[in-house]
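The next block holds one structure in the form of structure tokens; read it before the comments.
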Amino acid sequence: MAKKVAIILAEGFEEVEAVAPIDVLRRGGVEVIIAGLTKEPVASARNVRIVPDVSVDELNPDELDMVILPGGAGGVERLKQDPRVENLVKAMEKKGKYISAICAAPTALAKFGILEGKKATVYPTLVEELKPAIFEDKPVVEDQRVITSQGPGTALEFGLKLLEKLEGKEKAKDVARRMLVRYE
């Protein structure tokens, strides 16, 4: 049975940080559900519109293996303010499922209380907002079942790390090889 992941998009999301992990995971055989705060098309930071498969209200943490929060300052602020997103992330943590965030989105995890005492990374100008996490200046950081990444330039590596966690190192290496991406 395929692993199932939800990525939550809010207006102002960073395109690369959403589409790169979606692409990598789907190439690796993972079912990716694109969720919006509503079912309406979601405009990115540069006005690329993506039509969600479902609204965040339709996501069931029992049916998911991972949740992904992409960055983009406007999108992350909307994610931080939405109690449905916070409740989903906290439910995923309680159930021992994977939680992942890239760029500014780890600050949402910090706000939700997910990062206390954990190692994490974030876009470099937002390090102070990551507290009480233990900041690591690396492209991708994993601590327990929380995976964080720094920004647009790390989106492919982030996606490959997510695939590795869900489907194994060999699957991630195979997808990386086919995409002409170096991945150790």
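By order of appearance in the structure tokens: chains A, B, ..., then residues from 1 within every chain, and ligands from 1 in the order shown.
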Surrounding residues of region 115-126 of chain A excluding itself and chain neighbours under 5 positions, 12 Å, only C-alpha atoms, as a PyMOL selection string: chain A and resi 17+70-73+89-90+93+99-110+131-155+158
message: Based on the backbone DSSP call, show me all residues of region 12-169 of chain A assigned strand (DSSP E), as a PyMOL selection string.
response: chain A and resi 31-36+42-43+49-50+54-55+66-69+98-102+119-120+134-135+140-143+146-149
- prompt: With distances taken over only C-alpha atoms, which of A:Ala91, A:Val127, A:Leu9, A:Leu25 is nearest to Gly168 (chain A)?
  reply: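 So, comparing all the options, the nearest one is A:Leu25.
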query: Do you know which residues are at most 10 Å from Leu166 (chain A) counting only C-alpha atoms, after dropping those on the same chain fewer than 4 positions away, and could you put them as a PyMOL selection string?
result: chain A and resi 2-5+25+28-30+65-66+98+160-162+171-172
For the residues selected in the previous step, produce a file with N, CA and C atoms as an mmCIF file, in the first residue's frame.
data_model
loop_
_atom_site.group_PDB
_atom_site.id
_atom_site.type_symbol
_atom_site.label_atom_id
_atom_site.label_comp_id
_atom_site.auth_asym_id
_atom_site.auth_seq_id
_atom_site.Cartn_x
_atom_site.Cartn_y
_atom_site.Cartn_z
ATOM 1 N N ALA A 2 0.570 2.162 -0.897
ATOM 2 C CA ALA A 2 1.392 3.378 -1.031
ATOM 3 C C ALA A 2 1.297 4.242 0.220
ATOM 4 N N LYS A 3 2.417 4.842 0.548
ATOM 5 C CA LYS A 3 2.428 5.817 1.630
ATOM 6 C C LYS A 3 1.626 7.030 1.172
ATOM 7 N N LYS A 4 1.039 7.751 2.140
ATOM 8 C CA LYS A 4 0.198 8.895 1.822
ATOM 9 C C LYS A 4 0.679 10.124 2.581
ATOM 10 N N VAL A 5 0.851 11.211 1.836
ATOM 11 C CA VAL A 5 1.378 12.459 2.366
ATOM 12 C C VAL A 5 0.432 13.590 1.989
ATOM 13 N N LEU A 25 8.320 12.943 -4.485
ATOM 14 C CA LEU A 25 7.551 11.903 -3.797
ATOM 15 C C LEU A 25 6.701 11.095 -4.770
ATOM 16 N N GLY A 28 8.607 8.656 -6.632
ATOM 17 C CA GLY A 28 8.960 7.533 -5.768
ATOM 18 C C GLY A 28 7.786 6.655 -5.371
ATOM 19 N N GLY A 29 6.610 6.919 -5.943
ATOM 20 C CA GLY A 29 5.452 6.069 -5.690
ATOM 21 C C GLY A 29 4.621 6.450 -4.483
ATOM 22 N N VAL A 30 4.869 7.631 -3.911
ATOM 23 C CA VAL A 30 4.108 8.093 -2.748
ATOM 24 C C VAL A 30 2.875 8.850 -3.230
ATOM 25 N N ASP A 65 0.825 9.471 6.396
ATOM 26 C CA ASP A 65 2.124 9.085 6.934
ATOM 27 C C ASP A 65 2.991 10.310 7.221
ATOM 28 N N MET A 66 2.663 11.446 6.559
ATOM 29 C CA MET A 66 3.479 12.645 6.695
ATOM 30 C C MET A 66 2.652 13.860 6.303
ATOM 31 N N TYR A 98 5.359 11.499 10.543
ATOM 32 C CA TYR A 98 6.345 12.486 10.098
ATOM 33 C C TYR A 98 5.711 13.860 9.898
ATOM 34 N N LEU A 160 13.904 14.516 -1.472
ATOM 35 C CA LEU A 160 14.567 13.210 -1.467
ATOM 36 C C LEU A 160 14.698 12.646 -0.054
ATOM 37 N N LYS A 161 14.951 13.513 0.928
ATOM 38 C CA LYS A 161 15.013 13.040 2.328
ATOM 39 C C LYS A 161 13.640 12.533 2.769
ATOM 40 N N LEU A 162 12.573 13.243 2.367
ATOM 41 C CA LEU A 162 11.220 12.794 2.706
ATOM 42 C C LEU A 162 10.941 11.433 2.078
ATOM 43 N N LYS A 171 15.353 3.742 -2.772
ATOM 44 C CA LYS A 171 14.329 4.374 -3.610
ATOM 45 C C LYS A 171 14.690 5.844 -3.839
ATOM 46 N N ALA A 172 15.122 6.533 -2.768
ATOM 47 C CA ALA A 172 15.508 7.945 -2.904
ATOM 48 C C ALA A 172 16.702 8.090 -3.848
#
- request: Would you please extract all helix (DSSP H, G or I) residues from region 13-183 of chain A, as assigned by DSSP on the backbone, and give them as number ranges by chain?
  value: A: 15-27, 56-58, 61-63, 73-81, 83-94, 106-111, 124-130, 152-167, 169-179
field: Residue among A:Glu157, A:Ala45, A:Lys97, A:Glu40 lying closest to Val175 (chain A), counting only C-alpha atoms
entry: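 When distances to Val175 (chain A) are compared using only C-alpha atoms, the smallest one comes from A:Glu157.
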field: Selection: 9 Å around Leu59 (chain A), only C-alpha atoms, excl. self and same-chain fewer than 6 positions, as a list in words
entry: Ala6, Ile33, Ala35 and Leu88 of chain A
